[in-house]
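*Asks:* One structure is given below, represented as structure tokens, and several questions about it will come after.
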Amino acid sequence: MSLRLIPYLVMDGNAKEAIHFYEKALGAQVLFAQSFGEMPENPEFPIPADAKDRVSHATLKVGETELMLSDTFPGQPSQSGTQVTICITTNDAEKAKQMFEALTDGGQVTMPLQETFFSPAYGNLIDKFGVNFQVFTEGQHK
């Protein structure tokens with residue numbers, strides 16, 4: 001089983017600018033970048049035309065580490081204090097479930113752990129100390 005903690009920056013529409021900035025300032029290399037417009041369409045959550053260029057997810061390599069970032073989902077408020085989250089990344093869905101459940105003790109689930117188009121088990125929570133976590137499982141999904 002692999003397990004990594006990765007800083008995740010949530011931007012308010014300027015993630016592309018941040019990516020270019022970190023490429024120059026930190027020598028970052030873009031490993032992956034996808035806009036909201038490039039995601040599979042979901043009729044329950046249509047993407048406004050003016051938001052399709054926003055970054056839905058990007059992974060940068062900075063030295064020996066990774067940095068993830070995205071823009072807020074269209075219509076989702078951006079708040080100071082929630083801009084940086086910790087992304088717990090594992091390749092073991094059972095371990096992801098255990099960690100997610102343990103971190104919810106005294107905390108608040110903001111997105112239940114569930115299968116998504118990009119992960120077999122993904123969810124968000126705020127622990128009892130006010131720390132924002134994303135739990136992301138790498139691997140095959142249906």
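We label chains A, B, ... in the order they appear in the structure tokens, count residues from 1 in each chain, and number ligands from 1 in the order shown.
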I'd like the neighbourhood of His20 in chain A as a compact mmCIF listing (two decimals) with C-alpha atoms, in the first residue's frame, where a residue qualifies if any of its atoms comes within 12 Å (using only C-alpha atoms), though same-chain residues fewer than 5 positions away should be ignored.
*Replies:*
# COMPACT_ATOMS: atom_id res chain seq x y z
CA ASN A 14 -6.74 31.91 -11.06
CA ALA A 15 -5.32 28.38 -10.95
CA ALA A 25 9.20 30.48 -9.41
CA LEU A 26 9.68 26.86 -8.27
CA GLY A 27 10.71 25.06 -11.47
CA ALA A 28 7.47 23.08 -11.24
CA GLN A 29 6.62 20.57 -13.94
CA VAL A 30 2.96 20.02 -14.87
CA ALA A 33 -4.01 19.47 -15.83
CA ALA A 58 -3.78 19.85 -11.74
CA LEU A 60 2.66 19.71 -10.35
*Asks:* Which residues come within 8 Å of range 126-140 of chain A, counting only C-alpha atoms, excluding same-chain residues fewer than 6 positions away, as a list in words?
*Replies:*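 With the cut-off at 8 Å, the set is Thr82, Val84, Thr85, Ile86, Cys87, Ile88, Thr89, Thr90, Asn91, Asp92, Ala93, Ala96, Phe100, Leu103, Thr104, Asp105, Gly106, Gly107, Gln108, Val109, Thr110, Leu113, Ser119 and Pro120 of chain A.
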*Asks:* Within range 19-103 of chain A, find each residue whose DSSP state, derived from the backbone, is helix (DSSP H, G or I), and express the selection as a list in words.
*Replies:*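 Restricting range 19-103 of chain A to helix (DSSP H, G or I) produces Ile19, His20, Phe21, Tyr22, Glu23, Lys24, Ala25, Leu26, Phe36, Gly37, Glu38, Ala49, Asp50, Ala51, Ala93, Glu94, Lys95, Ala96, Lys97, Gln98, Met99, Phe100, Glu101, Ala102 and Leu103 of chain A.
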*Asks:* Would you mind telling me which residue in A:Glu23, A:Asp53, A:Glu66, A:Glu38 lies nearest to Pro7 in chain A when using only C-alpha atoms?
*Replies:*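 Looking only at the distances to Pro7 in chain A, the closest residue turns out to be A:Glu66.
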*Asks:* Report, in Å to a single decimal, how far apart CA of Gly123 in chain A and CA of Glu17 in chain A are.
*Replies:* 26.5 Å
*Asks:* Can you tell me which residues surround His57 in chain A at a distance of at most 12 Å, considering only C-alpha atoms, apart from same-chain residues fewer than 5 positions away, and format the answer as an MDAnalysis selection string?
*Replies:* chainID A and resid 8:11 15:16 19 30:39 67:73 118
*Asks:* Output N, CA and C atoms for every residue in the selection just made, as an mmCIF file, in the first residue's frame.
*Replies:*
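Generated output (selection08.cif):
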data_model
loop_
_atom_site.group_PDB
_atom_site.id
_atom_site.type_symbol
_atom_site.label_atom_id
_atom_site.label_comp_id
_atom_site.auth_asym_id
_atom_site.auth_seq_id
_atom_site.Cartn_x
_atom_site.Cartn_y
_atom_site.Cartn_z
ATOM 1 N N TYR A 8 -2.849 20.652 -1.238
ATOM 2 C CA TYR A 8 -3.799 20.899 -2.318
ATOM 3 C C TYR A 8 -4.293 22.333 -2.180
ATOM 4 N N LEU A 9 -4.024 23.152 -3.186
ATOM 5 C CA LEU A 9 -4.420 24.557 -3.179
ATOM 6 C C LEU A 9 -5.718 24.728 -3.953
ATOM 7 N N VAL A 10 -6.691 25.400 -3.350
ATOM 8 C CA VAL A 10 -7.965 25.662 -4.009
ATOM 9 C C VAL A 10 -8.015 27.154 -4.332
ATOM 10 N N MET A 11 -8.016 27.453 -5.630
ATOM 11 C CA MET A 11 -7.941 28.825 -6.107
ATOM 12 C C MET A 11 -9.335 29.320 -6.512
ATOM 13 N N ALA A 15 -6.223 29.529 -11.038
ATOM 14 C CA ALA A 15 -5.321 28.375 -10.950
ATOM 15 C C ALA A 15 -4.348 28.316 -12.123
ATOM 16 N N LYS A 16 -4.806 28.655 -13.335
ATOM 17 C CA LYS A 16 -3.891 28.645 -14.485
ATOM 18 C C LYS A 16 -2.746 29.617 -14.261
ATOM 19 N N ILE A 19 -0.379 28.102 -11.769
ATOM 20 C CA ILE A 19 0.447 27.046 -12.374
ATOM 21 C C ILE A 19 1.637 27.672 -13.092
ATOM 22 N N VAL A 30 4.371 20.433 -14.868
ATOM 23 C CA VAL A 30 2.965 20.022 -14.869
ATOM 24 C C VAL A 30 2.884 18.547 -15.239
ATOM 25 N N LEU A 31 2.365 17.736 -14.314
ATOM 26 C CA LEU A 31 2.181 16.308 -14.572
ATOM 27 C C LEU A 31 0.797 16.029 -15.144
ATOM 28 N N PHE A 32 -0.178 16.840 -14.730
ATOM 29 C CA PHE A 32 -1.554 16.656 -15.188
ATOM 30 C C PHE A 32 -2.297 17.967 -15.012
ATOM 31 N N ALA A 33 -3.138 18.304 -15.961
ATOM 32 C CA ALA A 33 -4.011 19.470 -15.833
ATOM 33 C C ALA A 33 -5.268 19.223 -16.652
ATOM 34 N N GLN A 34 -6.426 19.520 -16.056
ATOM 35 C CA GLN A 34 -7.709 19.319 -16.715
ATOM 36 C C GLN A 34 -8.634 20.473 -16.328
ATOM 37 N N SER A 35 -9.372 20.982 -17.302
ATOM 38 C CA SER A 35 -10.334 22.050 -17.027
ATOM 39 C C SER A 35 -11.704 21.438 -16.727
ATOM 40 N N PHE A 36 -12.598 22.247 -16.166
ATOM 41 C CA PHE A 36 -13.965 21.778 -15.937
ATOM 42 C C PHE A 36 -14.623 21.394 -17.259
ATOM 43 N N GLY A 37 -14.284 22.117 -18.327
ATOM 44 C CA GLY A 37 -14.849 21.816 -19.637
ATOM 45 C C GLY A 37 -14.390 20.488 -20.210
ATOM 46 N N GLU A 38 -13.259 19.975 -19.740
ATOM 47 C CA GLU A 38 -12.734 18.695 -20.224
ATOM 48 C C GLU A 38 -13.244 17.500 -19.432
ATOM 49 N N MET A 39 -13.941 17.748 -18.332
ATOM 50 C CA MET A 39 -14.483 16.668 -17.513
ATOM 51 C C MET A 39 -15.678 16.032 -18.213
ATOM 52 N N LEU A 67 2.459 18.942 -5.779
ATOM 53 C CA LEU A 67 1.543 19.979 -5.334
ATOM 54 C C LEU A 67 0.320 19.874 -6.229
ATOM 55 N N MET A 68 -0.853 19.801 -5.629
ATOM 56 C CA MET A 68 -2.086 19.717 -6.408
ATOM 57 C C MET A 68 -2.839 21.027 -6.268
ATOM 58 N N LEU A 69 -3.603 21.373 -7.300
ATOM 59 C CA LEU A 69 -4.425 22.559 -7.208
ATOM 60 C C LEU A 69 -5.601 22.496 -8.159
ATOM 61 N N SER A 70 -6.588 23.326 -7.867
ATOM 62 C CA SER A 70 -7.768 23.453 -8.711
ATOM 63 C C SER A 70 -8.393 24.803 -8.440
ATOM 64 N N ASP A 71 -9.326 25.168 -9.303
ATOM 65 C CA ASP A 71 -10.186 26.311 -9.028
ATOM 66 C C ASP A 71 -11.407 25.795 -8.296
ATOM 67 N N THR A 72 -12.119 26.694 -7.631
ATOM 68 C CA THR A 72 -13.383 26.308 -7.015
ATOM 69 C C THR A 72 -14.356 25.919 -8.119
ATOM 70 N N PHE A 73 -15.281 25.028 -7.795
ATOM 71 C CA PHE A 73 -16.333 24.653 -8.731
ATOM 72 C C PHE A 73 -17.199 25.885 -8.942
ATOM 73 N N PHE A 118 -13.085 9.764 -11.382
ATOM 74 C CA PHE A 118 -11.627 9.810 -11.306
ATOM 75 C C PHE A 118 -11.033 8.987 -10.168
#
*Asks:* Running DSSP on the backbone, which parts of range 11-133 of chain A land in strand (DSSP E), as a PyMOL selection string?
*Replies:* chain A and resi 11+29-35+55-62+65-71+84-90+108-114+122-126+132-133
